[in-house]
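For reference, my_file14.csv (CSV, C-alpha atoms):
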chain,number,residue,atom,x,y,z
A,1,MET,CA,98.5,-100.3,13.2
A,2,PRO,CA,99.2,-97.2,11.1
A,3,LYS,CA,99.0,-97.5,7.3
A,4,PRO,CA,102.3,-97.4,5.3
A,5,VAL,CA,103.0,-94.1,3.7
A,6,VAL,CA,103.8,-93.4,0.0
A,7,ALA,CA,105.1,-90.0,-1.1
A,8,SER,CA,103.6,-89.1,-4.5
A,9,TYR,CA,106.1,-86.9,-6.4
A,10,CYS,CA,104.8,-84.8,-9.2
A,11,THR,CA,106.9,-81.9,-10.5
A,12,THR,CA,103.7,-79.9,-11.2
A,13,PHE,CA,100.5,-80.7,-9.2
A,14,LEU,CA,98.6,-80.9,-11.5
A,15,LYS,CA,98.3,-79.9,-15.1
A,16,PRO,CA,94.7,-79.8,-16.4
A,17,GLU,CA,95.1,-83.1,-18.4
A,18,MET,CA,96.3,-85.0,-15.4
A,19,LEU,CA,92.9,-85.9,-13.8
A,20,HIS,CA,93.8,-89.6,-14.0
A,21,ILE,CA,96.8,-89.0,-11.6
A,22,PHE,CA,94.6,-87.1,-9.2
A,23,ARG,CA,92.1,-90.0,-9.2
A,24,GLN,CA,94.9,-92.4,-8.5
A,25,ILE,CA,96.5,-90.5,-5.6
A,26,THR,CA,93.2,-89.6,-3.9
A,27,GLY,CA,91.8,-93.1,-4.4
A,28,LEU,CA,94.4,-94.9,-2.3
A,29,GLN,CA,92.8,-97.0,0.5
A,30,GLU,CA,95.4,-99.1,2.2
A,31,PHE,CA,98.2,-96.5,2.0
A,32,ASP,CA,98.4,-93.0,3.3
A,33,THR,CA,99.9,-90.5,0.9
A,34,PHE,CA,101.1,-86.9,0.6
A,35,VAL,CA,102.2,-85.1,-2.4
A,36,ILE,CA,105.6,-83.5,-3.1
A,37,ALA,CA,105.7,-80.9,-5.9
A,38,LYS,CA,107.8,-78.0,-7.2
A,39,SER,CA,104.8,-76.0,-8.4
A,40,ARG,CA,101.0,-76.1,-8.2
A,41,GLN,CA,98.3,-75.5,-10.8
A,42,CYS,CA,94.5,-76.0,-10.9
A,43,GLU,CA,94.0,-75.9,-7.2
A,44,ASP,CA,90.2,-75.7,-7.7
A,45,ARG,CA,90.1,-78.7,-9.9
A,46,PHE,CA,92.6,-80.8,-7.9
A,47,PRO,CA,92.2,-79.9,-4.2
A,48,MET,CA,95.0,-81.5,-2.1
A,49,ASP,CA,95.6,-80.3,1.5
A,50,ASP,CA,98.5,-82.6,2.3
A,51,LEU,CA,101.0,-81.2,-0.2
A,52,GLU,CA,104.7,-80.4,0.4
A,53,LEU,CA,105.7,-77.7,-2.0
A,54,LEU,CA,109.4,-77.6,-2.4
A,55,PRO,CA,110.7,-74.1,-1.7
A,56,LYS,CA,113.3,-72.5,-3.8
A,57,ALA,CA,116.7,-73.1,-2.2
A,58,LYS,CA,118.4,-70.1,-0.7
A,59,SER,CA,121.2,-68.8,-2.8
A,60,ASN,CA,124.7,-69.6,-1.6
A,61,PHE,CA,126.9,-68.7,-4.6
A,62,ALA,CA,130.1,-70.1,-3.2
A,63,ARG,CA,128.5,-73.5,-2.3
A,64,ARG,CA,126.6,-73.7,-5.5
A,65,PHE,CA,129.7,-72.9,-7.6
A,66,TRP,CA,131.7,-75.5,-5.7
A,67,LEU,CA,129.0,-78.2,-6.1
A,68,LYS,CA,128.3,-77.4,-9.8
A,69,TYR,CA,131.7,-76.7,-11.2
A,70,ILE,CA,134.2,-78.4,-8.8
A,71,ARG,CA,132.3,-81.4,-7.6
A,72,ARG,CA,130.3,-81.7,-10.9
A,73,GLU,CA,127.2,-82.6,-9.0
A,74,PRO,CA,123.8,-82.8,-10.9
A,75,PRO,CA,121.2,-80.0,-10.6
A,76,ILE,CA,119.2,-81.8,-8.0
A,77,VAL,CA,122.2,-81.5,-5.7
A,78,TYR,CA,123.6,-78.0,-6.4
A,79,ARG,CA,120.1,-76.5,-6.5
A,80,GLY,CA,119.4,-77.9,-3.0
A,81,GLU,CA,116.5,-80.2,-3.9
A,82,TYR,CA,118.3,-83.3,-2.7
A,83,ARG,CA,118.6,-82.1,0.8
A,84,MET,CA,115.0,-80.8,0.9
A,85,LEU,CA,113.6,-84.1,-0.3
A,86,GLU,CA,115.7,-86.0,2.2
A,87,ARG,CA,114.4,-83.9,5.1
A,88,ILE,CA,110.7,-84.2,4.0
A,89,LEU,CA,110.8,-88.0,3.5
A,90,LYS,CA,112.5,-88.5,6.8
A,91,ALA,CA,110.1,-86.2,8.7
A,92,ARG,CA,107.1,-87.8,7.1
A,93,ARG,CA,108.4,-91.3,7.6
A,94,ALA,CA,107.7,-92.3,4.0
A,95,ASP,CA,107.9,-96.0,3.3
A,96,LEU,CA,108.0,-95.5,-0.5
A,97,ILE,CA,108.2,-92.7,-3.1
A,98,HIS,CA,106.1,-92.9,-6.3
A,99,VAL,CA,107.6,-90.7,-9.0
A,100,TYR,CA,105.2,-89.8,-11.7
A,101,PHE,CA,106.8,-89.7,-15.2
A,102,GLY,CA,110.0,-91.2,-16.4
A,103,HIS,CA,111.8,-88.0,-17.2
A,104,THR,CA,111.1,-86.9,-13.6
A,105,GLY,CA,112.7,-90.1,-12.4
A,106,VAL,CA,115.8,-89.4,-14.5
A,107,HIS,CA,116.0,-86.0,-12.8
A,108,LEU,CA,115.7,-87.6,-9.3
A,109,LEU,CA,118.0,-90.5,-10.1
A,110,PRO,CA,120.9,-89.2,-7.9
A,111,PHE,CA,118.5,-89.1,-5.0
A,112,ILE,CA,116.8,-92.4,-5.8
A,113,GLU,CA,120.2,-94.1,-5.9
A,114,HIS,CA,121.2,-93.0,-2.4
A,115,TRP,CA,117.9,-92.7,-0.5
A,116,PRO,CA,117.6,-95.8,1.7
A,117,GLY,CA,113.9,-96.3,0.9
A,118,PRO,CA,112.4,-97.8,-2.3
A,119,ALA,CA,111.1,-95.8,-5.3
A,120,VAL,CA,108.7,-96.7,-8.1
A,121,VAL,CA,108.5,-94.7,-11.3
A,122,SER,CA,105.4,-94.7,-13.6
A,123,PHE,CA,105.6,-94.2,-17.4
A,124,HIS,CA,102.6,-92.7,-19.2
A,125,GLY,CA,103.5,-92.3,-22.8
A,126,MET,CA,105.5,-89.2,-23.7
A,127,ASP,CA,108.1,-90.0,-21.1
A,128,VAL,CA,109.6,-92.9,-23.1
A,129,GLN,CA,111.0,-90.5,-25.7
A,130,PRO,CA,114.8,-90.7,-26.1
A,131,ARG,CA,115.3,-86.9,-25.8
A,132,GLU,CA,118.2,-86.8,-28.2
A,133,ASN,CA,118.7,-83.1,-27.4
A,134,GLN,CA,119.8,-84.0,-23.9
A,135,PRO,CA,123.2,-85.7,-24.0
A,136,GLY,CA,123.4,-88.7,-21.7
A,137,TYR,CA,119.6,-88.8,-21.1
A,138,VAL,CA,119.1,-92.4,-22.4
A,139,ASP,CA,122.0,-93.7,-20.3
A,140,LYS,CA,120.5,-92.1,-17.2
A,141,LEU,CA,117.1,-93.6,-18.1
A,142,LYS,CA,118.6,-97.0,-18.4
A,143,GLN,CA,120.3,-96.6,-15.1
A,144,LEU,CA,117.0,-95.6,-13.5
A,145,LEU,CA,115.3,-98.7,-14.8
A,146,LYS,CA,118.1,-100.8,-13.2
A,147,THR,CA,117.9,-99.0,-9.9
A,148,VAL,CA,114.2,-99.0,-8.9
A,149,PRO,CA,112.7,-102.2,-7.6
A,150,LEU,CA,109.5,-101.8,-9.8
A,151,VAL,CA,108.5,-99.8,-12.9
A,152,LEU,CA,104.9,-99.1,-13.6
A,153,VAL,CA,103.5,-98.6,-17.2
A,154,ARG,CA,100.1,-97.7,-18.5
A,155,SER,CA,100.1,-100.3,-21.4
A,156,GLU,CA,101.8,-103.3,-22.9
A,157,SER,CA,103.1,-101.1,-25.7
A,158,LEU,CA,105.0,-99.0,-23.2
A,159,ARG,CA,106.2,-102.2,-21.6
A,160,GLU,CA,107.8,-103.2,-24.9
A,161,ARG,CA,109.5,-99.8,-25.2
A,162,LEU,CA,111.1,-100.2,-21.8
A,163,LEU,CA,112.1,-103.8,-22.5
A,164,ALA,CA,113.9,-102.4,-25.6
A,165,LEU,CA,115.8,-100.0,-23.3
A,166,GLY,CA,117.0,-102.9,-21.2
A,167,CYS,CA,114.6,-102.8,-18.3
A,168,PRO,CA,114.4,-106.3,-16.7
A,169,ALA,CA,111.0,-107.9,-17.5
A,170,ASP,CA,110.4,-109.0,-14.0
A,171,LYS,CA,110.4,-105.4,-12.8
A,172,ILE,CA,107.6,-104.1,-15.1
A,173,ARG,CA,104.0,-103.9,-13.9
A,174,ILE,CA,100.9,-102.8,-15.8
A,175,ASN,CA,99.3,-99.9,-14.0
A,176,ARG,CA,96.0,-99.2,-15.8
A,177,THR,CA,93.9,-96.1,-15.5
A,178,GLY,CA,90.9,-96.5,-13.2
A,179,ILE,CA,87.6,-95.0,-14.3
A,180,PRO,CA,85.0,-93.9,-11.8
A,181,PHE,CA,82.0,-95.3,-13.6
A,182,GLU,CA,79.5,-93.5,-11.4
A,183,LYS,CA,80.6,-90.3,-13.1
A,184,PHE,CA,80.3,-91.7,-16.6
A,185,PRO,CA,77.0,-93.7,-16.7
A,186,VAL,CA,75.8,-95.4,-19.8
A,187,ALA,CA,73.7,-92.9,-21.9
A,188,GLU,CA,70.4,-93.7,-23.6
A,189,ARG,CA,71.1,-92.3,-27.0
A,190,GLY,CA,69.2,-92.8,-30.2
A,191,PHE,CA,70.6,-93.5,-33.7
A,192,PRO,CA,70.7,-90.3,-35.7
A,193,GLU,CA,68.3,-91.4,-38.4
A,194,ARG,CA,68.4,-88.0,-40.2
A,195,GLY,CA,72.2,-88.1,-40.4
A,196,ASP,CA,72.8,-85.4,-37.7
A,197,TRP,CA,75.8,-87.3,-36.3
A,198,ARG,CA,77.6,-85.8,-33.3
A,199,ILE,CA,81.3,-86.9,-33.3
A,200,VAL,CA,83.7,-86.0,-30.4
A,201,GLN,CA,87.4,-86.2,-29.7
A,202,ALA,CA,88.6,-85.1,-26.2
A,203,CYS,CA,92.4,-84.7,-25.7
A,204,ARG,CA,95.2,-82.3,-25.4
A,205,LEU,CA,95.7,-80.5,-28.8
A,206,ILE,CA,99.1,-81.9,-29.8
A,207,GLU,CA,100.5,-83.8,-32.8
A,208,LYS,CA,100.3,-87.3,-31.4
A,209,LYS,CA,96.5,-87.1,-31.0
A,210,GLY,CA,96.0,-87.3,-34.8
A,211,LEU,CA,93.6,-84.4,-34.9
A,212,ASP,CA,94.6,-83.4,-38.5
A,213,THR,CA,93.6,-86.9,-39.6
A,214,ALA,CA,90.3,-86.6,-37.8
A,215,LEU,CA,89.5,-83.3,-39.4
A,216,ARG,CA,90.3,-84.6,-42.9
A,217,ALA,CA,88.2,-87.7,-42.4
A,218,PHE,CA,85.3,-85.7,-40.9
A,219,ALA,CA,85.4,-83.3,-43.9
A,220,GLU,CA,84.7,-86.3,-46.2
A,221,PHE,CA,82.2,-87.8,-43.8
A,222,GLN,CA,80.2,-84.5,-43.8
A,223,GLY,CA,79.9,-84.8,-47.6
A,224,ASP,CA,77.7,-87.9,-46.8
A,225,TYR,CA,76.0,-86.4,-43.8
A,226,PRO,CA,75.7,-82.5,-44.1
A,227,GLY,CA,74.1,-82.3,-40.6
A,228,ALA,CA,77.1,-83.9,-38.9
A,229,GLU,CA,79.1,-82.0,-36.3
A,230,PHE,CA,82.5,-82.6,-34.8
A,231,THR,CA,83.4,-81.3,-31.3
A,232,ILE,CA,87.0,-81.1,-30.2
A,233,ALA,CA,87.3,-80.8,-26.4
A,234,GLY,CA,90.7,-79.7,-25.0
A,235,GLU,CA,93.5,-77.2,-25.2
A,236,GLY,CA,96.9,-77.2,-26.6
A,237,PRO,CA,99.6,-75.6,-28.8
A,238,ILE,CA,98.2,-76.6,-32.2
A,239,GLU,CA,94.7,-75.2,-31.7
A,240,ASN,CA,95.2,-72.3,-34.1
A,241,ASP,CA,96.6,-74.7,-36.8
A,242,LEU,CA,93.6,-76.9,-36.4
A,243,ARG,CA,91.2,-74.0,-36.7
A,244,ALA,CA,93.0,-72.9,-39.9
A,245,GLN,CA,92.8,-76.5,-41.2
A,246,ALA,CA,89.1,-76.7,-40.5
A,247,LYS,CA,88.6,-73.4,-42.3
A,248,GLY,CA,90.6,-74.6,-45.3
A,249,LEU,CA,88.6,-77.8,-45.5
A,250,GLY,CA,85.4,-75.8,-45.5
A,251,ILE,CA,84.1,-77.3,-42.3
A,252,ALA,CA,84.7,-74.6,-39.8
A,253,GLY,CA,81.0,-74.1,-39.3
A,254,SER,CA,80.6,-77.7,-38.3
A,255,VAL,CA,83.6,-78.1,-36.0
A,256,ARG,CA,83.4,-76.8,-32.5
A,257,PHE,CA,86.5,-76.2,-30.3
A,258,ALA,CA,85.0,-76.6,-26.8
A,259,GLY,CA,88.2,-75.9,-24.9
A,260,PHE,CA,89.0,-77.7,-21.6
A,261,LEU,CA,85.9,-79.2,-20.1
A,262,SER,CA,85.2,-80.2,-16.5
A,263,GLU,CA,84.3,-83.8,-15.7
A,264,GLU,CA,80.6,-83.0,-15.7
A,265,GLU,CA,80.8,-81.0,-18.9
A,266,LEU,CA,82.6,-83.9,-20.6
A,267,ARG,CA,80.1,-86.4,-19.4
A,268,ARG,CA,77.3,-84.3,-20.9
A,269,LEU,CA,79.2,-84.0,-24.2
A,270,TYR,CA,79.6,-87.8,-24.4
A,271,HIS,CA,75.9,-88.3,-23.7
A,272,GLU,CA,75.0,-86.0,-26.5
A,273,SER,CA,77.4,-87.6,-29.0
A,274,HIS,CA,77.2,-90.7,-31.2
A,275,LEU,CA,80.8,-91.6,-31.9
A,276,PHE,CA,84.2,-91.0,-30.3
A,277,VAL,CA,87.3,-90.6,-32.5
A,278,HIS,CA,90.9,-90.8,-31.5
A,279,PRO,CA,93.3,-91.4,-34.4
A,280,SER,CA,96.6,-91.2,-32.4
A,281,GLN,CA,99.9,-91.4,-34.2
A,282,LEU,CA,103.6,-91.9,-33.3
A,283,THR,CA,105.5,-88.6,-33.8
A,284,ALA,CA,109.0,-88.1,-35.2
A,285,ASP,CA,110.4,-87.7,-31.7
A,286,GLN,CA,108.8,-91.1,-30.6
A,287,ASN,CA,106.0,-89.6,-28.6
A,288,GLN,CA,103.3,-92.2,-28.1
A,289,GLU,CA,100.1,-92.9,-26.2
A,290,GLY,CA,99.6,-95.2,-23.3
A,291,ILE,CA,95.8,-95.7,-23.2
A,292,PRO,CA,93.8,-92.4,-23.6
A,293,ASN,CA,91.7,-91.7,-20.5
A,294,SER,CA,89.1,-89.8,-22.4
A,295,MET,CA,88.6,-92.8,-24.7
A,296,LEU,CA,87.9,-95.0,-21.7
A,297,GLU,CA,85.5,-92.5,-20.2
A,298,ALA,CA,83.7,-92.2,-23.6
A,299,MET,CA,83.4,-96.0,-23.8
A,300,ALA,CA,82.0,-96.1,-20.3
A,301,THR,CA,79.0,-94.0,-21.5
A,302,GLY,CA,78.4,-96.4,-24.4
A,303,LEU,CA,80.2,-94.6,-27.3
A,304,PRO,CA,81.7,-96.8,-30.0
A,305,VAL,CA,85.3,-95.8,-30.7
A,306,VAL,CA,86.9,-95.1,-34.1
A,307,ALA,CA,90.7,-95.0,-33.6
A,308,THR,CA,94.1,-96.3,-34.7
A,309,LEU,CA,96.3,-99.2,-34.1
A,310,HIS,CA,98.6,-97.1,-32.0
A,311,GLY,CA,100.2,-97.5,-28.5
A,312,GLY,CA,97.9,-98.9,-25.9
A,313,ILE,CA,94.7,-98.3,-27.8
A,314,PRO,CA,94.3,-101.9,-29.1
A,315,GLU,CA,94.6,-103.1,-25.5
A,316,ALA,CA,91.4,-101.2,-24.6
A,317,VAL,CA,89.5,-101.4,-27.9
A,318,GLU,CA,88.8,-104.8,-29.5
A,319,ASN,CA,88.7,-104.1,-33.2
A,320,GLY,CA,85.3,-105.0,-34.6
A,321,ARG,CA,83.7,-105.5,-31.2
A,322,THR,CA,84.0,-102.3,-29.1
A,323,GLY,CA,85.4,-100.1,-31.9
A,324,LEU,CA,87.0,-99.9,-35.3
A,325,LEU,CA,90.8,-99.5,-35.6
A,326,THR,CA,92.8,-98.4,-38.6
A,327,GLU,CA,96.5,-97.7,-39.3
A,328,GLU,CA,97.9,-94.4,-38.2
A,329,ARG,CA,97.5,-91.4,-40.5
A,330,ASP,CA,95.1,-93.3,-42.7
A,331,VAL,CA,92.4,-90.8,-43.6
A,332,GLY,CA,90.6,-93.2,-45.9
A,333,GLY,CA,90.6,-95.9,-43.3
A,334,LEU,CA,89.2,-93.6,-40.6
A,335,LEU,CA,86.5,-92.4,-43.0
A,336,ALA,CA,85.6,-96.0,-43.8
A,337,SER,CA,85.2,-96.8,-40.1
A,338,LEU,CA,82.9,-93.7,-39.6
A,339,ARG,CA,80.8,-94.7,-42.6
A,340,ALA,CA,80.6,-98.3,-41.6
A,341,LEU,CA,78.9,-97.4,-38.3
A,342,ALA,CA,76.8,-94.6,-39.7
A,343,ARG,CA,75.3,-97.1,-42.2
A,344,ASP,CA,74.5,-99.9,-39.8
A,345,LYS,CA,72.3,-99.0,-36.9
A,346,GLN,CA,72.4,-102.5,-35.3
A,347,ARG,CA,76.2,-102.6,-35.4
A,348,TRP,CA,76.4,-99.1,-33.9
A,349,GLU,CA,74.1,-100.1,-31.1
A,350,VAL,CA,75.8,-103.4,-30.3
A,351,MET,CA,79.3,-101.8,-30.4
A,352,GLY,CA,78.3,-99.1,-28.0
A,353,ARG,CA,76.9,-101.6,-25.6
A,354,GLU,CA,80.0,-103.8,-25.9
A,355,ALA,CA,82.3,-100.8,-25.3
A,356,ALA,CA,80.5,-99.9,-22.0
A,357,GLU,CA,80.7,-103.5,-20.8
A,358,SER,CA,84.3,-104.0,-21.8
A,359,VAL,CA,85.6,-100.9,-20.1
A,360,ARG,CA,83.7,-101.8,-16.9
A,361,GLU,CA,85.3,-105.3,-16.9
A,362,HIS,CA,88.9,-104.1,-17.3
A,363,PHE,CA,89.2,-100.5,-16.1
A,364,GLY,CA,87.2,-100.2,-12.9
A,365,GLN,CA,88.8,-97.7,-10.4
A,366,PRO,CA,88.6,-99.8,-7.2
A,367,ALA,CA,90.3,-102.8,-8.9
A,368,GLN,CA,93.1,-100.7,-10.4
A,369,ILE,CA,93.7,-98.9,-7.0
A,370,ALA,CA,93.9,-102.3,-5.3
A,371,ARG,CA,96.4,-103.5,-8.0
A,372,LEU,CA,98.5,-100.4,-7.5
A,373,GLU,CA,98.7,-100.8,-3.7
A,374,GLY,CA,99.7,-104.4,-4.3
A,375,PHE,CA,102.6,-103.1,-6.4
A,376,TYR,CA,103.6,-100.7,-3.6
A,377,ARG,CA,103.7,-103.6,-1.1
A,378,GLU,CA,105.7,-105.6,-3.6
A,379,ALA,CA,108.2,-102.8,-4.2
A,380,ILE,CA,108.8,-102.4,-0.4
A,381,GLU,CA,109.3,-106.1,-0.1
A,382,ARG,CA,111.7,-106.4,-3.0
A,383,HIS,CA,113.7,-103.4,-1.8
A,384,GLY,CA,114.0,-104.9,1.7
A,385,ALA,CA,115.1,-108.2,0.2
Is it possible to express this structure as structure tokens?
Amino acid sequence: MPKPVVASYCTTFLKPEMLHIFRQITGLQEFDTFVIAKSRQCEDRFPMDDLELLPKAKSNFARRFWLKYIRREPPIVYRGEYRMLERILKARRADLIHVYFGHTGVHLLPFIEHWPGPAVVSFHGMDVQPRENQPGYVDKLKQLLKTVPLVLVRSESLRERLLALGCPADKIRINRTGIPFEKFPVAERGFPERGDWRIVQACRLIEKKGLDTALRAFAEFQGDYPGAEFTIAGEGPIENDLRAQAKGLGIAGSVRFAGFLSEEELRRLYHESHLFVHPSQLTADQNQEGIPNSMLEAMATGLPVVATLHGGIPEAVENGRTGLLTEERDVGGLLASLRALARDKQRWEVMGREAAESVREHFGQPAQIARLEGFYREAIERHGA
């Protein structure tokens, strides 16, 4: 008997920071899948042979004018994407479409409402923003939540955001990130008795990651431990601002901007480090974290976490057991957490060991893939009913 087929829709397949999505798509066992995308990036990092790249619709000025200005159809219709999607899903006999990111689901809403098959939409963090610069966006988002049989979220905190938008509670399912632990084994690392602490943060360089708070706390920490170094792994639009901040704080020589690292390079960096920091914060436009993938990978190698009470972080880090959590934007609190671990060898060792055990208990890739496929089956059944 052939496996059921899920079409995985990603507008861009895939941006560098979307490794977790690649792992999920390629990890499916009981479903066959193919990808639908409008554009492709990072082919060497994310190889995918079975990909339907949506072509640009052939221009027909008269038809486009009629659909856009007379019929007042949405962009997905007058740009031709609706018809292309319809043809692909029919030809591939898709049983389900999984749309990655809520804002993409809003774009596809006219199609989702009329396609005879079921769709699920997954929310990852930034896609719960209200987007006040787009009139009518929130109303469309609410309609999307009513239309699909199931909604997937990365964390309980995102679940609460969707409940506030009116999403029925019985539709929401927690879709955790799955970590391949064979790629992030526990490291045998020693306590830096001479104070040469190696601290790491790995993330996209954007405001919600709290990198400015991390730099300010590290500047104070280095006053206690002059041999300490802070490595920031990742790329993003605020890198120049962060470099300028490090220079202004007088720590530029001890802060390394490593850029985007491969999985192997990141594993090596974690193994060479002693602490993982991630002081995430809610931004003015309501951008928030789900559960940071890099944090889970770091924990898997036995790194204690120093982070904030933000988004889904407390769902993965047990304060006082697998890491230390403070309020957002609290430089003093973050510094106190760093100092607490740096001054207590036994606590640092136990916390690292507990972090590795905890993440293996709750975020294993095979278990999370099995849960996802169970959600797929449930969505198909609910839609049929």
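Considering the residues A:Phe184, A:Gly117, A:Leu85, A:His362 and counting all atoms listed in the file, Arg268 in chain A has its shortest atom-to-atom contact with A:Phe184.
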Please identify all polymer residues within 8 Å of Pro304 in chain A, counting all atoms listed in the file, omitting same-chain residues fewer than 5 positions from it, and present them as a PyMOL selection string. chain A and resi 274-276+299+322-323+348+351-352+355
Counting all atoms listed in the file, which residues sit no farther than 12 Å from the position (94.0, -74.9, -34.2) in the file's frame? I'd like them as number ranges by chain. A: 204-207, 211-212, 215, 232-248, 252, 255-259
Distance criterion (all atoms listed in the file): nearest to Gly374 in chain A out of A:Arg173, A:Lys90, A:His271, A:Arg45: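 Of A:Arg173, A:Lys90, A:His271, A:Arg45, the one nearest Gly374 in chain A is A:Arg173, counting all atoms listed in the file.
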Spatial neighbours of Thr147 in chain A, 9 Å, all atoms listed in the file, chain gap at least 6 places, as a PyMOL selection string: chain A and resi 109+112-113+119
Between A:Glu272, A:Asp44, A:Glu160, A:Glu289, which has the minimum distance to Leu14 in chain A (counting all atoms listed in the file)?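 When distances to Leu14 in chain A are compared using all atoms listed in the file, the smallest one comes from A:Asp44.
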Residues around (105.8, -102.8, -2.5), cut-off 10 Å, counting only C-alpha atoms - what are they as a PDB file with C-alpha atoms, in the coordinates of the input?
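Produced file part_13.pdb, reproduced below:
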ATOM      1  CA  VAL A   6     103.800 -93.400   0.000  1.00  0.00           C
ATOM      2  CA  ASP A  95     107.900 -96.000   3.300  1.00  0.00           C
ATOM      3  CA  LEU A  96     108.000 -95.500  -0.500  1.00  0.00           C
ATOM      4  CA  PRO A 118     112.400 -97.800  -2.300  1.00  0.00           C
ATOM      5  CA  ALA A 119     111.100 -95.800  -5.300  1.00  0.00           C
ATOM      6  CA  VAL A 120     108.700 -96.700  -8.100  1.00  0.00           C
ATOM      7  CA  PRO A 149     112.700-102.200  -7.600  1.00  0.00           C
ATOM      8  CA  LEU A 150     109.500-101.800  -9.800  1.00  0.00           C
ATOM      9  CA  LEU A 372      98.500-100.400  -7.500  1.00  0.00           C
ATOM     10  CA  GLU A 373      98.700-100.800  -3.700  1.00  0.00           C
ATOM     11  CA  GLY A 374      99.700-104.400  -4.300  1.00  0.00           C
ATOM     12  CA  PHE A 375     102.600-103.100  -6.400  1.00  0.00           C
ATOM     13  CA  TYR A 376     103.600-100.700  -3.600  1.00  0.00           C
ATOM     14  CA  ARG A 377     103.700-103.600  -1.100  1.00  0.00           C
ATOM     15  CA  GLU A 378     105.700-105.600  -3.600  1.00  0.00           C
ATOM     16  CA  ALA A 379     108.200-102.800  -4.200  1.00  0.00           C
ATOM     17  CA  ILE A 380     108.800-102.400  -0.400  1.00  0.00           C
ATOM     18  CA  GLU A 381     109.300-106.100  -0.100  1.00  0.00           C
ATOM     19  CA  ARG A 382     111.700-106.400  -3.000  1.00  0.00           C
ATOM     20  CA  HIS A 383     113.700-103.400  -1.800  1.00  0.00           C
ATOM     21  CA  GLY A 384     114.000-104.900   1.700  1.00  0.00           C
TER      22      GLY A 384
END
Pick out the residues sitting within 9 Å of Leu266 in chain A, and hand them over as a list in words; count all atoms listed in the file, and ignore anything fewer than 6 positions along from it in its own chain. Ala202, Ala233, Phe260, Ser294 and Ala298 of chain A
Interatomic distance, CA of Ala356 in chain A to CA of Glu297 in chain A (Å, one decimal): 9.1 Å
Mind giving me the straight-line distance from CA of Gly253 in chain A to CA of Ala219 in chain A in Å, one decimal? 11.2 Å
Nearest to Val277 in chain A, chosen from A:Leu325, A:Arg83, A:Glu263, A:Ser254, with all atoms listed in the file counted in the distances: A:Leu325
I'd like the neighbourhood of Ala214 in chain A as a list in words, where a residue qualifies if any of its atoms comes within 9 Å (using only C-alpha atoms), though same-chain residues fewer than 4 positions away should be ignored. Gln201, Gly210, Phe218, Ala219, Val277, His278, Pro279, Val331, Leu334 and Leu335 of chain A
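What separates CA of Pro180 in chain A from CA of Glu264 in chain A is a distance of 12.4 Å.
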May I have the residues within 6 Å of range 193-198 of chain A as a CSV table (one decimal) with C-alpha atoms, in the coordinates of the input, using only C-alpha atoms and disregarding those fewer than 2 positions away in the same chain?
chain,number,residue,atom,x,y,z
A,191,PHE,CA,70.6,-93.5,-33.7
A,225,TYR,CA,76.0,-86.4,-43.8
A,227,GLY,CA,74.1,-82.3,-40.6
A,228,ALA,CA,77.1,-83.9,-38.9
A,229,GLU,CA,79.1,-82.0,-36.3
A,273,SER,CA,77.4,-87.6,-29.0
A,274,HIS,CA,77.2,-90.7,-31.2
Option closest in space to Val306 in chain A, from A:Lys140, A:Val200, A:Gln368, A:Leu269 [counting all atoms listed in the file]: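 Of A:Lys140, A:Val200, A:Gln368, A:Leu269, the one nearest Val306 in chain A is A:Val200, counting all atoms listed in the file.
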Nearest to Glu156 in chain A among A:Glu315, A:Glu52, A:Asp127, A:Asp344, with distances taken over all atoms listed in the file: which residue is it?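 So, comparing all the options, the nearest one is A:Glu315.
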Generate N, CA and C atoms for range 17-25 of chain A and emit them as a PDB file, in the coordinates of the input.
ATOM      1  N   GLU A  17      95.300 -81.758 -17.770  1.00  0.00           N
ATOM      2  CA  GLU A  17      95.100 -83.100 -18.400  1.00  0.00           C
ATOM      3  C   GLU A  17      95.450 -84.233 -17.491  1.00  0.00           C
ATOM      4  N   MET A  18      95.814 -83.973 -16.235  1.00  0.00           N
ATOM      5  CA  MET A  18      96.300 -85.000 -15.400  1.00  0.00           C
ATOM      6  C   MET A  18      95.263 -85.492 -14.333  1.00  0.00           C
ATOM      7  N   LEU A  19      93.994 -85.452 -14.700  1.00  0.00           N
ATOM      8  CA  LEU A  19      92.900 -85.900 -13.800  1.00  0.00           C
ATOM      9  C   LEU A  19      93.142 -87.355 -13.384  1.00  0.00           C
ATOM     10  N   HIS A  20      93.638 -88.188 -14.299  1.00  0.00           N
ATOM     11  CA  HIS A  20      93.800 -89.600 -14.000  1.00  0.00           C
ATOM     12  C   HIS A  20      94.823 -89.790 -12.827  1.00  0.00           C
ATOM     13  N   ILE A  21      95.822 -88.902 -12.731  1.00  0.00           N
ATOM     14  CA  ILE A  21      96.800 -89.000 -11.600  1.00  0.00           C
ATOM     15  C   ILE A  21      96.111 -88.579 -10.321  1.00  0.00           C
ATOM     16  N   PHE A  22      95.302 -87.535 -10.369  1.00  0.00           N
ATOM     17  CA  PHE A  22      94.600 -87.100  -9.200  1.00  0.00           C
ATOM     18  C   PHE A  22      93.668 -88.206  -8.666  1.00  0.00           C
ATOM     19  N   ARG A  23      92.963 -88.857  -9.577  1.00  0.00           N
ATOM     20  CA  ARG A  23      92.100 -90.000  -9.200  1.00  0.00           C
ATOM     21  C   ARG A  23      92.869 -91.064  -8.482  1.00  0.00           C
ATOM     22  N   GLN A  24      94.057 -91.351  -9.019  1.00  0.00           N
ATOM     23  CA  GLN A  24      94.900 -92.400  -8.500  1.00  0.00           C
ATOM     24  C   GLN A  24      95.376 -92.087  -7.077  1.00  0.00           C
ATOM     25  N   ILE A  25      95.912 -90.889  -6.935  1.00  0.00           N
ATOM     26  CA  ILE A  25      96.500 -90.500  -5.600  1.00  0.00           C
ATOM     27  C   ILE A  25      95.401 -90.414  -4.573  1.00  0.00           C
TER      28      ILE A  25
END
